[in-house]
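Enquirer: Just so it is clear, I am handing over entry-v6.cif, which has mmCIF, C-alpha atoms.
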```
data_start
loop_
_atom_site.label_atom_id
_atom_site.label_comp_id
_atom_site.auth_asym_id
_atom_site.auth_seq_id
_atom_site.Cartn_x
_atom_site.Cartn_y
_atom_site.Cartn_z
CA MET F 722 -23.13 16.92 11.79
CA LYS F 723 -24.07 14.63 8.92
CA PRO F 724 -22.25 11.30 8.99
CA TYR F 725 -19.08 10.82 6.95
CA ALA F 726 -18.72 7.81 4.66
CA VAL F 727 -15.60 5.61 4.80
CA ILE F 728 -14.93 3.23 1.91
CA GLY F 729 -13.01 0.11 2.88
CA ALA F 730 -12.35 -2.02 5.98
CA GLY F 731 -8.68 -2.76 5.48
CA PRO F 732 -6.09 -1.36 7.91
CA MET F 733 -6.48 2.17 6.52
CA GLY F 734 -10.26 2.14 6.65
CA LEU F 735 -10.25 0.74 10.17
CA CYS F 736 -7.88 3.31 11.62
CA THR F 737 -9.81 6.03 9.77
CA VAL F 738 -13.05 5.01 11.48
CA ARG F 739 -11.18 4.67 14.77
CA ASN F 740 -9.90 8.26 14.58
CA LEU F 741 -13.23 9.70 13.45
CA ARG F 742 -14.87 8.12 16.48
CA LYS F 743 -12.18 9.54 18.74
CA GLN F 744 -13.16 13.00 17.54
CA GLY F 745 -16.87 12.33 17.92
CA ILE F 746 -17.49 12.44 14.16
CA PRO F 747 -20.40 10.21 13.06
CA CYS F 748 -19.45 7.82 10.27
CA ILE F 749 -20.57 4.77 8.32
CA GLY F 750 -18.09 2.40 6.73
CA PHE F 751 -18.75 0.38 3.60
CA GLU F 752 -16.99 -2.91 2.88
CA ILE F 753 -17.58 -5.09 -0.16
CA HIS F 754 -16.58 -8.24 1.75
CA SER F 755 -18.28 -9.87 4.73
CA ASP F 756 -15.53 -8.98 7.23
CA VAL F 757 -12.63 -6.63 7.88
CA GLY F 758 -9.04 -7.05 6.70
CA GLY F 759 -9.05 -5.73 3.13
CA LEU F 760 -5.98 -6.87 1.23
CA TRP F 761 -5.00 -9.14 4.13
CA ASP F 762 -8.18 -11.20 3.94
CA ILE F 763 -7.41 -13.67 1.18
CA ASP F 764 -11.11 -14.51 0.91
CA SER F 765 -12.11 -10.95 0.02
CA PRO F 766 -13.06 -10.45 -3.65
CA THR F 767 -10.69 -7.48 -3.87
CA SER F 768 -7.72 -9.16 -2.16
CA THR F 769 -4.62 -9.90 -4.24
CA MET F 770 -3.06 -12.03 -1.50
CA TYR F 771 -1.43 -15.41 -2.20
CA GLU F 772 -1.07 -18.40 0.11
CA SER F 773 2.65 -17.98 0.87
CA ALA F 774 2.52 -14.22 1.49
CA HIS F 775 4.04 -12.71 4.63
CA LEU F 776 4.47 -9.13 5.78
CA ILE F 777 7.45 -7.48 4.04
CA SER F 778 8.22 -5.06 6.86
CA SER F 779 8.64 -6.36 10.41
CA LYS F 780 5.70 -6.35 12.80
CA LYS F 781 7.27 -3.87 15.25
CA MET F 782 7.86 -1.37 12.45
CA THR F 783 4.37 -1.87 11.01
CA GLU F 784 1.81 -2.43 13.79
CA PHE F 785 -0.53 0.17 15.27
CA ALA F 786 1.12 1.72 18.33
CA GLU F 787 -2.00 1.47 20.48
CA PHE F 788 -2.57 -2.16 19.50
CA PRO F 789 0.70 -4.13 19.31
CA MET F 790 0.77 -7.64 17.93
CA ASP F 791 1.19 -10.55 20.29
CA GLU F 792 4.79 -11.45 21.10
CA ARG F 793 4.09 -14.97 19.87
CA VAL F 794 3.54 -13.68 16.34
CA ALA F 795 6.62 -13.99 14.12
CA ASP F 796 8.64 -10.93 13.08
CA PHE F 797 7.22 -11.26 9.56
CA PRO F 798 3.69 -12.64 10.07
CA HIS F 799 1.73 -14.76 7.61
CA HIS F 800 -1.25 -13.06 5.99
CA SER F 801 -3.68 -15.18 8.04
CA GLU F 802 -2.17 -13.80 11.27
CA LEU F 803 -2.61 -10.26 9.96
CA ARG F 804 -6.24 -10.90 9.12
CA ALA F 805 -6.74 -12.09 12.70
CA TYR F 806 -4.92 -8.98 13.94
CA PHE F 807 -7.22 -6.59 12.08
CA ARG F 808 -10.32 -8.45 13.22
CA ALA F 809 -9.11 -8.19 16.81
CA TYR F 810 -8.39 -4.48 16.32
CA ALA F 811 -11.94 -3.94 15.00
CA ARG F 812 -13.45 -5.85 17.93
CA GLU F 813 -11.29 -4.06 20.49
CA PHE F 814 -12.41 -0.59 19.42
CA GLY F 815 -16.00 -1.41 18.49
CA LEU F 816 -15.54 -0.76 14.78
CA TYR F 817 -17.77 -3.57 13.51
CA ASP F 818 -20.82 -1.58 14.55
CA CYS F 819 -19.74 1.25 12.22
CA TYR F 820 -19.68 -0.87 9.04
CA GLU F 821 -22.16 -2.10 6.48
CA PHE F 822 -20.67 -5.32 5.08
CA ASN F 823 -21.28 -7.06 1.74
CA THR F 824 -21.84 -3.54 0.45
CA GLU F 825 -20.24 -2.15 -2.70
CA VAL F 826 -19.89 1.57 -3.29
CA VAL F 827 -21.20 2.13 -6.80
CA ARG F 828 -21.11 5.90 -7.20
CA CYS F 829 -20.03 9.02 -5.32
CA GLU F 830 -21.40 12.32 -6.64
CA ARG F 831 -21.17 15.88 -5.44
CA ASP F 832 -24.44 17.45 -4.30
CA GLY F 833 -23.80 21.00 -3.16
CA ASP F 834 -21.51 20.61 -0.17
CA ASP F 835 -22.61 17.01 0.45
CA TRP F 836 -21.81 13.67 -1.16
CA LEU F 837 -24.50 11.45 -2.62
CA ILE F 838 -23.25 7.89 -2.28
CA THR F 839 -24.92 4.98 -4.01
CA THR F 840 -24.28 1.54 -2.56
CA ARG F 841 -25.31 -1.97 -3.59
CA CYS F 842 -26.02 -4.74 -1.10
CA HIS F 843 -27.36 -8.15 -2.21
CA GLY F 844 -28.37 -6.64 -5.55
CA GLU F 845 -30.34 -3.72 -4.10
CA GLU F 846 -29.10 -0.14 -4.52
CA GLN F 847 -29.72 2.89 -2.36
CA THR F 848 -28.45 6.47 -2.42
CA ARG F 849 -27.77 8.49 0.71
CA ALA F 850 -26.38 11.94 1.50
CA PHE F 851 -23.21 12.24 3.59
CA GLY F 852 -21.39 15.22 5.01
CA GLY F 853 -18.04 13.92 3.81
CA LEU F 854 -16.21 11.10 2.07
CA LEU F 855 -13.03 9.27 3.06
CA ILE F 856 -11.75 6.81 0.45
CA ALA F 857 -9.68 3.98 1.91
CA ASN F 858 -10.14 1.18 -0.62
CA GLY F 859 -6.41 0.46 -1.00
CA THR F 860 -3.79 0.86 -3.71
CA LEU F 861 -2.87 -2.77 -4.53
CA HIS F 862 -5.92 -4.37 -6.11
CA HIS F 863 -6.20 -3.09 -9.71
CA PRO F 864 -3.53 -4.78 -11.87
CA ASN F 865 -1.23 -2.97 -14.24
CA MET F 866 -1.51 -5.00 -17.45
CA PRO F 867 1.18 -3.93 -19.93
CA GLN F 868 0.78 -4.63 -23.62
CA LEU F 869 3.00 -7.56 -24.58
CA PRO F 870 4.85 -7.54 -27.95
CA GLY F 871 2.90 -10.36 -29.59
CA GLU F 872 0.31 -13.04 -28.84
CA PHE F 873 1.06 -15.73 -26.26
CA ASP F 874 -0.65 -19.11 -26.73
CA GLY F 875 0.01 -20.33 -23.21
CA GLU F 876 -1.55 -19.29 -19.92
CA LEU F 877 -1.18 -15.58 -19.11
CA ILE F 878 -1.99 -14.30 -15.61
CA HIS F 879 -1.22 -11.28 -13.48
CA SER F 880 0.23 -11.75 -10.02
CA CYS F 881 -3.10 -10.53 -8.62
CA ASP F 882 -4.64 -13.81 -9.85
CA TYR F 883 -2.02 -16.01 -8.21
CA ARG F 884 -3.00 -17.93 -5.08
CA ASP F 885 -1.44 -21.40 -4.88
CA PRO F 886 1.93 -22.70 -6.19
CA ALA F 887 0.19 -25.83 -7.46
CA VAL F 888 -0.60 -23.85 -10.65
CA PHE F 889 3.09 -24.17 -11.58
CA ASP F 890 3.32 -27.95 -11.40
CA GLY F 891 5.42 -29.23 -14.31
CA LYS F 892 5.19 -25.99 -16.29
CA ARG F 893 7.78 -23.79 -17.97
CA VAL F 894 7.16 -20.45 -16.28
CA LEU F 895 8.25 -16.92 -17.12
CA LEU F 896 7.90 -14.20 -14.48
CA VAL F 897 7.83 -10.62 -15.82
CA GLY F 898 8.91 -8.04 -13.26
CA CYS F 899 10.57 -8.35 -9.88
CA GLY F 900 8.86 -6.38 -7.16
CA ASN F 901 8.39 -8.02 -3.79
CA SER F 902 5.42 -10.08 -4.97
CA GLY F 903 7.26 -11.12 -8.13
CA ALA F 904 10.24 -12.31 -6.11
CA ASP F 905 7.97 -14.28 -3.75
CA ILE F 906 6.14 -15.92 -6.64
CA ALA F 907 9.40 -16.82 -8.40
CA VAL F 908 10.56 -18.58 -5.22
CA ASP F 909 7.22 -20.45 -5.00
CA ALA F 910 7.49 -21.48 -8.64
CA ALA F 911 11.07 -22.73 -8.18
CA HIS F 912 9.73 -25.55 -5.99
CA ARG F 913 7.00 -26.71 -8.36
CA ALA F 914 7.67 -25.68 -11.96
CA ARG F 915 9.66 -27.51 -14.61
CA THR F 916 11.66 -24.34 -15.31
CA VAL F 917 11.46 -20.77 -14.02
CA ASP F 918 12.80 -17.70 -15.81
CA ILE F 919 12.42 -14.08 -14.74
CA SER F 920 12.45 -11.16 -17.19
CA LEU F 921 13.72 -7.78 -15.98
CA ARG F 922 14.15 -4.55 -17.90
CA ARG F 923 15.61 -2.56 -15.02
CA GLY F 924 17.73 -3.18 -11.97
CA TYR F 925 16.56 -3.63 -8.38
CA TYR F 926 18.20 -3.35 -4.99
CA PHE F 927 17.86 -6.49 -2.86
CA LEU F 928 17.90 -6.57 0.94
CA PRO F 929 17.72 -9.54 3.33
CA LYS F 930 14.90 -9.71 5.87
CA PHE F 931 17.32 -10.27 8.74
CA ILE F 932 20.71 -8.83 9.68
CA GLY F 933 22.41 -10.27 12.77
CA GLY F 934 19.19 -12.03 13.73
CA LYS F 935 17.16 -8.82 13.72
CA PRO F 936 14.69 -7.58 11.11
CA THR F 937 16.58 -5.39 8.64
CA ASP F 938 14.14 -2.50 8.92
CA ALA F 939 14.72 -2.34 12.70
CA VAL F 940 18.53 -2.18 12.46
CA GLY F 941 19.81 1.32 13.17
CA GLY F 942 16.29 2.73 13.30
CA LYS F 943 17.03 4.82 16.39
CA ILE F 944 19.92 6.62 14.71
CA ARG F 945 18.78 9.41 12.39
CA LEU F 946 21.19 10.04 9.56
CA PRO F 947 21.03 12.39 6.57
CA ARG F 948 19.16 10.91 3.63
CA PHE F 949 22.21 10.50 1.38
CA VAL F 950 24.12 8.79 4.20
CA GLN F 951 21.25 6.34 4.75
CA GLN F 952 21.22 5.55 1.04
CA ARG F 953 24.95 4.89 0.89
CA ILE F 954 25.05 2.79 4.05
CA SER F 955 22.06 0.69 2.98
CA ALA F 956 23.50 0.11 -0.50
CA ALA F 957 26.88 -0.85 0.96
CA LEU F 958 25.21 -3.18 3.44
CA ALA F 959 23.25 -4.85 0.65
CA ARG F 960 26.47 -5.44 -1.33
CA LEU F 961 28.21 -6.82 1.76
CA MET F 962 25.38 -9.19 2.66
CA LEU F 963 24.23 -10.29 -0.79
CA GLY F 964 26.70 -9.03 -3.39
CA ARG F 965 25.82 -7.05 -6.49
CA PRO F 966 22.83 -7.95 -8.67
CA SER F 967 25.18 -8.37 -11.67
CA GLN F 968 26.88 -11.24 -9.85
CA TYR F 969 23.60 -13.13 -10.23
CA GLY F 970 23.14 -12.17 -13.86
CA LEU F 971 20.69 -9.38 -13.01
CA PRO F 972 20.88 -5.77 -14.23
CA GLU F 973 22.39 -3.21 -11.87
CA PRO F 974 20.02 -0.43 -10.74
CA ASP F 975 20.78 2.91 -12.38
CA TYR F 976 19.35 4.89 -9.47
CA LYS F 977 20.13 5.31 -5.79
CA MET F 978 18.86 3.12 -2.96
CA PHE F 979 15.22 3.88 -1.95
CA GLU F 980 14.50 5.90 -5.12
CA SER F 981 12.41 2.83 -5.90
CA HIS F 982 11.12 0.24 -3.46
CA PRO F 983 13.86 -2.35 -2.73
CA VAL F 984 13.09 -6.05 -2.92
CA ILE F 985 13.14 -7.46 0.61
CA ASN F 986 13.91 -11.01 -0.44
CA SER F 987 17.25 -12.81 -0.56
CA LEU F 988 15.72 -16.21 -1.37
CA ILE F 989 15.32 -15.32 -5.02
CA LEU F 990 19.06 -14.70 -5.23
CA HIS F 991 19.60 -18.04 -3.51
CA HIS F 992 17.52 -19.79 -6.18
CA ILE F 993 19.20 -17.91 -9.02
CA GLY F 994 22.54 -18.94 -7.59
CA HIS F 995 21.40 -22.57 -7.53
CA GLY F 996 20.07 -22.48 -11.09
CA ASP F 997 16.45 -22.87 -10.01
CA VAL F 998 15.55 -19.45 -11.47
CA HIS F 999 17.17 -18.06 -14.63
CA PRO F 1000 17.43 -14.29 -15.25
CA ARG F 1001 16.34 -12.95 -18.64
CA GLY F 1002 16.36 -9.50 -20.17
CA ASP F 1003 13.46 -7.47 -21.52
CA ILE F 1004 10.98 -9.18 -23.85
CA ALA F 1005 11.43 -8.31 -27.52
CA SER F 1006 8.65 -10.43 -29.06
CA ILE F 1007 6.21 -13.25 -28.40
CA LYS F 1008 4.85 -15.75 -30.91
CA GLY F 1009 2.88 -18.77 -29.83
CA ASN F 1010 4.71 -20.22 -26.85
CA THR F 1011 8.05 -18.73 -27.88
CA VAL F 1012 9.38 -15.64 -26.16
CA THR F 1013 12.36 -13.82 -27.65
CA PHE F 1014 14.37 -11.50 -25.44
CA ALA F 1015 16.24 -8.30 -26.21
CA ASP F 1016 19.58 -10.17 -26.33
CA GLY F 1017 18.27 -12.47 -29.08
CA HIS F 1018 17.81 -15.56 -26.95
CA SER F 1019 14.49 -17.41 -27.12
CA ALA F 1020 12.71 -19.95 -24.93
CA GLU F 1021 9.41 -21.84 -24.79
CA TYR F 1022 6.94 -21.28 -21.96
CA ASP F 1023 3.62 -22.71 -20.79
CA MET F 1024 2.79 -19.81 -18.48
CA ILE F 1025 3.64 -16.12 -18.16
CA VAL F 1026 3.04 -14.36 -14.84
CA LEU F 1027 2.96 -10.57 -15.01
CA ALA F 1028 4.33 -9.23 -11.72
CA THR F 1029 3.95 -5.72 -13.08
CA GLY F 1030 2.34 -3.96 -10.16
CA TYR F 1031 -0.90 -2.08 -9.70
CA LYS F 1032 -2.67 1.12 -10.68
CA LEU F 1033 -4.58 3.51 -8.46
CA HIS F 1034 -8.24 2.75 -9.04
CA TYR F 1035 -11.30 4.64 -7.82
CA PRO F 1036 -14.04 3.58 -10.27
CA PHE F 1037 -16.87 4.96 -8.13
CA ILE F 1038 -15.84 8.62 -8.40
CA ASP F 1039 -14.92 10.87 -11.33
CA ARG F 1040 -11.25 11.74 -11.60
CA GLU F 1041 -12.07 15.43 -11.77
CA HIS F 1042 -13.05 15.26 -8.10
CA LEU F 1043 -9.64 13.88 -7.11
CA ASN F 1044 -7.46 16.62 -8.58
CA TRP F 1045 -5.76 13.91 -10.65
CA GLN F 1046 -2.56 15.10 -12.29
CA GLY F 1047 -0.26 12.79 -14.20
CA MET F 1048 -0.10 9.35 -12.60
CA ALA F 1049 -1.89 10.12 -9.32
CA PRO F 1050 -4.18 12.56 -7.53
CA SER F 1051 -2.39 15.71 -6.41
CA LEU F 1052 -3.32 16.21 -2.75
CA TYR F 1053 -1.55 17.83 0.17
CA LEU F 1054 0.19 15.12 2.20
CA ASN F 1055 -1.42 12.67 -0.25
CA ALA F 1056 -4.76 13.07 1.53
CA PHE F 1057 -6.10 16.65 1.59
CA HIS F 1058 -7.95 18.02 -1.44
CA PRO F 1059 -7.04 21.65 -2.27
CA GLU F 1060 -10.69 22.75 -2.62
CA TYR F 1061 -12.99 20.20 -1.03
CA ASP F 1062 -12.90 20.18 2.77
CA ASN F 1063 -14.88 16.95 3.03
CA LEU F 1064 -13.08 14.62 0.61
CA PHE F 1065 -9.98 12.70 1.64
CA LEU F 1066 -7.91 9.92 0.06
CA MET F 1067 -6.79 7.75 2.94
CA GLY F 1068 -3.71 5.57 2.64
CA MET F 1069 -2.66 6.69 -0.82
CA VAL F 1070 0.85 6.97 0.55
CA GLU F 1071 3.92 4.75 0.51
CA ALA F 1072 7.27 5.18 2.23
CA ALA F 1073 9.97 2.84 3.46
CA GLY F 1074 9.24 2.26 7.14
CA LEU F 1075 5.97 4.21 7.35
CA GLY F 1076 3.95 1.22 8.56
CA TRP F 1077 0.34 1.26 9.63
CA GLU F 1078 1.14 3.59 12.50
CA GLY F 1079 2.33 6.24 10.04
CA ARG F 1080 -0.94 5.87 8.18
CA ASN F 1081 -2.78 6.04 11.48
CA GLU F 1082 -1.14 9.42 12.08
CA GLN F 1083 -2.50 10.53 8.71
CA ALA F 1084 -5.99 9.47 9.79
CA GLU F 1085 -5.52 11.24 13.11
CA LEU F 1086 -4.71 14.52 11.36
CA VAL F 1087 -7.65 14.18 8.96
CA ALA F 1088 -10.11 13.52 11.79
CA LEU F 1089 -8.72 16.39 13.84
CA TYR F 1090 -9.04 18.75 10.86
CA ILE F 1091 -12.68 17.72 10.29
CA ARG F 1092 -13.47 18.30 13.96
CA GLN F 1093 -11.75 21.67 14.18
CA LEU F 1094 -13.24 22.86 10.90
CA ALA F 1095 -16.72 21.96 12.13
CA ASP F 1096 -16.06 23.87 15.34
CA GLY F 1097 -14.90 26.96 13.45
CA ALA F 1098 -11.40 26.86 14.95
CA ARG F 1099 -8.85 29.37 13.69
CA SER F 1100 -6.25 26.61 13.39
CA ALA F 1101 -8.48 24.79 10.91
CA ALA F 1102 -8.84 27.93 8.78
CA ASP F 1103 -5.04 28.27 8.77
CA PHE F 1104 -4.61 24.66 7.68
CA GLN F 1105 -7.31 25.10 5.05
CA ALA F 1106 -5.19 27.82 3.43
CA ILE F 1107 -2.03 25.69 3.64
CA LYS F 1108 -3.57 22.65 1.94
CA ARG F 1109 -4.78 24.81 -0.93
CA GLN F 1110 -1.37 26.37 -1.44
CA ARG F 1111 0.64 23.16 -1.14
CA ALA F 1112 -1.51 20.60 -2.94
CA THR F 1113 1.21 20.00 -5.53
CA ALA F 1114 4.04 19.91 -2.98
CA ARG F 1115 5.42 16.42 -2.43
CA ALA F 1116 6.89 15.35 0.90
CA ASP F 1117 9.79 13.60 -0.79
CA GLY F 1118 12.58 15.01 1.37
CA GLY F 1119 14.67 15.60 -1.74
CA MET F 1120 14.44 11.97 -2.93
CA LYS F 1121 14.39 11.60 -6.71
CA TYR F 1122 11.88 8.80 -7.01
CA LEU F 1123 11.63 6.93 -10.30
CA GLN F 1124 8.93 8.18 -12.63
CA LEU F 1125 6.74 5.11 -12.23
CA GLU F 1126 3.06 4.83 -11.32
CA ARG F 1127 4.02 2.71 -8.32
CA MET F 1128 6.23 5.53 -7.06
CA ALA F 1129 3.88 8.42 -7.89
CA TYR F 1130 2.57 8.58 -4.32
CA TYR F 1131 5.83 7.74 -2.52
CA VAL F 1132 7.03 10.06 0.22
CA HIS F 1133 10.07 10.30 2.47
CA LYS F 1134 9.02 8.88 5.84
CA ASP F 1135 10.75 11.38 8.14
CA THR F 1136 9.68 14.36 6.05
CA TYR F 1137 6.10 13.11 5.89
CA LEU F 1138 5.77 12.31 9.59
CA LYS F 1139 7.32 15.63 10.56
CA ALA F 1140 4.67 17.46 8.51
CA LEU F 1141 1.83 15.39 9.99
CA ARG F 1142 3.00 16.02 13.54
CA THR F 1143 3.61 19.73 12.98
CA HIS F 1144 0.08 20.22 11.65
CA ARG F 1145 -1.37 18.09 14.43
CA ARG F 1146 0.21 20.33 17.08
CA GLN F 1147 -1.06 23.41 15.28
CA LEU F 1148 -4.61 22.07 15.10
CA GLN F 1149 -4.53 21.10 18.76
CA ARG F 1150 -3.68 24.63 19.92
CA ASP F 1151 -7.28 25.79 20.13
CA LEU F 1152 -9.08 22.56 20.97
CA PRO F 1153 -11.91 23.53 23.34
CA ALA F 1154 -11.59 20.45 25.54
CA PRO F 1155 -10.35 16.84 25.39
CA VAL F 1156 -12.58 14.63 23.25
CA ALA F 1157 -13.73 11.23 24.48
CA ALA F 1158 -11.49 8.53 23.04
CA GLY F 1159 -14.33 6.31 21.88
CA GLY F 1160 -13.04 3.31 23.79
CA GLN F 1161 -9.74 2.69 25.54
CA ARG F 1162 -7.45 -0.11 24.60
CA SER F 1163 -7.49 -3.10 26.91
CA VAL F 1164 -5.06 -5.98 27.32
CA GLY F 1165 -5.24 -8.83 24.82
CA ALA F 1166 -4.03 -7.69 21.41
CA VAL F 1167 -3.42 -10.39 18.85
#
```
Please express the file's structure as structure tokens.

Expert:
Amino acid sequence: MKPYAVIGAGPMGLCTVRNLRKQGIPCIGFEIHSDVGGLWDIDSPTSTMYESAHLISSKKMTEFAEFPMDERVADFPHHSELRAYFRAYAREFGLYDCYEFNTEVVRCERDGDDWLITTRCHGEEQTRAFGGLLIANGTLHHPNMPQLPGEFDGELIHSCDYRDPAVFDGKRVLLVGCGNSGADIAVDAAHRARTVDISLRRGYYFLPKFIGGKPTDAVGGKIRLPRFVQQRISAALARLMLGRPSQYGLPEPDYKMFESHPVINSLILHHIGHGDVHPRGDIASIKGNTVTFADGHSAEYDMIVLATGYKLHYPFIDREHLNWQGMAPSLYLNAFHPEYDNLFLMGMVEAAGLGWEGRNEQAELVALYIRQLADGARSAADFQAIKRQRATARADGGMKYLQLERMAYYVHKDTYLKALRTHRRQLQRDLPAPVAAGGQRSVGAV
């Protein structure tokens, strides 16, 4: 079997290589940085991390099942602890030997049934043939830069460029957008800036990180409730714990809980309540340093920070190869191409509570499919037909997600995991014999 190429050494790339090795599939990973960690390595040229960033979901709901984080690590670890965790994971399972570091993937082209992949390392390019391609370069590194209504004479940055709160010292700052990063940055700015305003054009649900001393995402996790019940209970709990957004001068969401990603941050509400951060409406116009809002109010600013999210970005491969439709590639279970049996998008999936273990299960299914297809298993032929028929089917569990690019690859966790596990059992039916694990986990996880 020709080796498969894996792009990226973040958590998705690492667990992809791990699962390929478990199935005995030869592979080479490519990483543009000098070490593993991806997004969580603040020193990587593609990382959009900032100094104060912590994990949004709790460690127990996020970690790899076979490699739990050390008990001494906080429930919501700092990004530096997560970088150490991924490096330990790579060492534990011998993944460093599978990677070529300081290597950028320049181009991926189809050549018959193979992939010709051109890489660049220290200025020198080479092209090699691979039996398959697994793209795991992440979804949160290419900024969404909306067109502003006018020209701003001050400093304009996207949240991807933000690192240190010192940039806010003494400045009049306007944040645009309020995802989780936007809320974090607003809180950072509140401690350093002269003034901080935040402009929102739609409502958000806010949740605290802790309820009763326990991480919010771990509360009630063992009790499975119907989707609409979960939505109502979570919304009611948010109102009980934090109140309504309108009580803080923020717009109310016009959609149900989890139809867009909630903001897991109560500190921003704390700062709004203390007058450290001032809510504003949508921007109507900009002239010089003056920003006028939809309600007619105006204010002067020295800096605008666009916390407007990210776009899917795969510059090294033509969109036509990704079955791109609308705002995202259309792939079965967000990973399996309807026609190509050796091209996979790894980690292009988001869901509340999915964690890295859920993504690991995706990688497990992909590796198992590659192995069974190579062995000519009947179960692989059956799955091959399914992925072609259901490429446009979305595992949303009936959720009506907002029509936003950020939500274009969202799935319902329980629906998604059920599908992964069902297909895994089906593919395992005709396995010829157990495959060597490629290294067993030992004691000493970070």

Enquirer: Write out as a list in words which residues come within 12 Å of Ala786 in chain F when counting only C-alpha atoms, dropping same-chain ones fewer than 4 positions away.

Expert: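 The residues satisfying every condition are Cys736, Lys780, Lys781, Met782, Met790, Tyr810, Gly1076, Trp1077, Glu1078, Gly1079, Arg1080, Asn1081, Glu1082, Arg1162 and Ala1166 of chain F.
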
Enquirer: Would you save the residues from that selection as a PDB file, in the coordinates of the input, using C-alpha atoms?

Expert:
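This went into part34.pdb:
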```pdb
ATOM      1  CA  CYS F 736      -7.880   3.310  11.620  1.00  0.00           C
ATOM      2  CA  LYS F 780       5.700  -6.350  12.800  1.00  0.00           C
ATOM      3  CA  LYS F 781       7.270  -3.870  15.250  1.00  0.00           C
ATOM      4  CA  MET F 782       7.860  -1.370  12.450  1.00  0.00           C
ATOM      5  CA  MET F 790       0.770  -7.640  17.930  1.00  0.00           C
ATOM      6  CA  TYR F 810      -8.390  -4.480  16.320  1.00  0.00           C
ATOM      7  CA  GLY F1076       3.950   1.220   8.560  1.00  0.00           C
ATOM      8  CA  TRP F1077       0.340   1.260   9.630  1.00  0.00           C
ATOM      9  CA  GLU F1078       1.140   3.590  12.500  1.00  0.00           C
ATOM     10  CA  GLY F1079       2.330   6.240  10.040  1.00  0.00           C
ATOM     11  CA  ARG F1080      -0.940   5.870   8.180  1.00  0.00           C
ATOM     12  CA  ASN F1081      -2.780   6.040  11.480  1.00  0.00           C
ATOM     13  CA  GLU F1082      -1.140   9.420  12.080  1.00  0.00           C
ATOM     14  CA  ARG F1162      -7.450  -0.110  24.600  1.00  0.00           C
ATOM     15  CA  ALA F1166      -4.030  -7.690  21.410  1.00  0.00           C
TER      16      ALA F1166
END
```

Enquirer: Show which residues sit within 9 Å of Pro966 in chain F, as a PyMOL selection string. Count all atoms listed in the file, and ignore same-chain residues fewer than 3 positions away.

Expert: chain F and resi 924-927+960+963+969-974+990

Enquirer: Kindly save the residues from that selection, with C-alpha atoms included, as a PDB file, keeping the file's coordinate frame.

Expert:
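File again24.pdb, as written:
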```
ATOM      1  CA  GLY F 924      17.730  -3.180 -11.970  1.00  0.00           C
ATOM      2  CA  TYR F 925      16.560  -3.630  -8.380  1.00  0.00           C
ATOM      3  CA  TYR F 926      18.200  -3.350  -4.990  1.00  0.00           C
ATOM      4  CA  PHE F 927      17.860  -6.490  -2.860  1.00  0.00           C
ATOM      5  CA  ARG F 960      26.470  -5.440  -1.330  1.00  0.00           C
ATOM      6  CA  LEU F 963      24.230 -10.290  -0.790  1.00  0.00           C
ATOM      7  CA  TYR F 969      23.600 -13.130 -10.230  1.00  0.00           C
ATOM      8  CA  GLY F 970      23.140 -12.170 -13.860  1.00  0.00           C
ATOM      9  CA  LEU F 971      20.690  -9.380 -13.010  1.00  0.00           C
ATOM     10  CA  PRO F 972      20.880  -5.770 -14.230  1.00  0.00           C
ATOM     11  CA  GLU F 973      22.390  -3.210 -11.870  1.00  0.00           C
ATOM     12  CA  PRO F 974      20.020  -0.430 -10.740  1.00  0.00           C
ATOM     13  CA  LEU F 990      19.060 -14.700  -5.230  1.00  0.00           C
TER      14      LEU F 990
END
```

Enquirer: Nearest to Glu784 in chain F: which of F:Gly1074, F:Gln1046, F:His999, F:Ala1129 is it, counting only C-alpha atoms?

Expert: F:Gly1074

Enquirer: Run the PyMOL selection byres ((chain F and resi 875-880) around 9) on the file and write out the hits as a list in words.

Expert: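 Answer for the PyMOL selection byres ((chain F and resi 875-880) around 9): Thr769, Tyr771, Pro864, Asn865, Met866, Phe873, Asp874, Cys881, Asp882, Tyr883, Arg884, Ser902, Gly903, Ile906, Gly1009, Asn1010, Tyr1022, Asp1023, Met1024, Ile1025, Val1026, Leu1027, Ala1028, Thr1029 and Gly1030 of chain F.
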
Enquirer: Please provide as a ChimeraX atom specification all residues within 12 Å of range 753-759 of chain F, with the sequence filter that same-chain residues fewer than 3 positions apart are discarded (counting only C-alpha atoms).

Expert: /F:727-736,750,762-770,800-812,816-827,840-843,857-862

Enquirer: Which protein, DNA or RNA residues have an atom at most 10 Å from (-0.1, 24.0, 8.1), counting all atoms listed in the file? List them as an mmCIF file with C-alpha atoms, keeping the file's coordinate frame.

Expert:
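Heads up, here's the output in selection-v4.cif:
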```
data_model
loop_
_atom_site.group_PDB
_atom_site.id
_atom_site.type_symbol
_atom_site.label_atom_id
_atom_site.label_comp_id
_atom_site.auth_asym_id
_atom_site.auth_seq_id
_atom_site.Cartn_x
_atom_site.Cartn_y
_atom_site.Cartn_z
ATOM 1 C CA SER F 1100 -6.250 26.610 13.390
ATOM 2 C CA ALA F 1101 -8.480 24.790 10.910
ATOM 3 C CA ALA F 1102 -8.840 27.930 8.780
ATOM 4 C CA ASP F 1103 -5.040 28.270 8.770
ATOM 5 C CA PHE F 1104 -4.610 24.660 7.680
ATOM 6 C CA GLN F 1105 -7.310 25.100 5.050
ATOM 7 C CA ALA F 1106 -5.190 27.820 3.430
ATOM 8 C CA ILE F 1107 -2.030 25.690 3.640
ATOM 9 C CA LYS F 1108 -3.570 22.650 1.940
ATOM 10 C CA GLN F 1110 -1.370 26.370 -1.440
ATOM 11 C CA ARG F 1111 0.640 23.160 -1.140
ATOM 12 C CA ALA F 1140 4.670 17.460 8.510
ATOM 13 C CA LEU F 1141 1.830 15.390 9.990
ATOM 14 C CA THR F 1143 3.610 19.730 12.980
ATOM 15 C CA HIS F 1144 0.080 20.220 11.650
ATOM 16 C CA ARG F 1145 -1.370 18.090 14.430
ATOM 17 C CA ARG F 1146 0.210 20.330 17.080
ATOM 18 C CA GLN F 1147 -1.060 23.410 15.280
ATOM 19 C CA LEU F 1148 -4.610 22.070 15.100
#
```
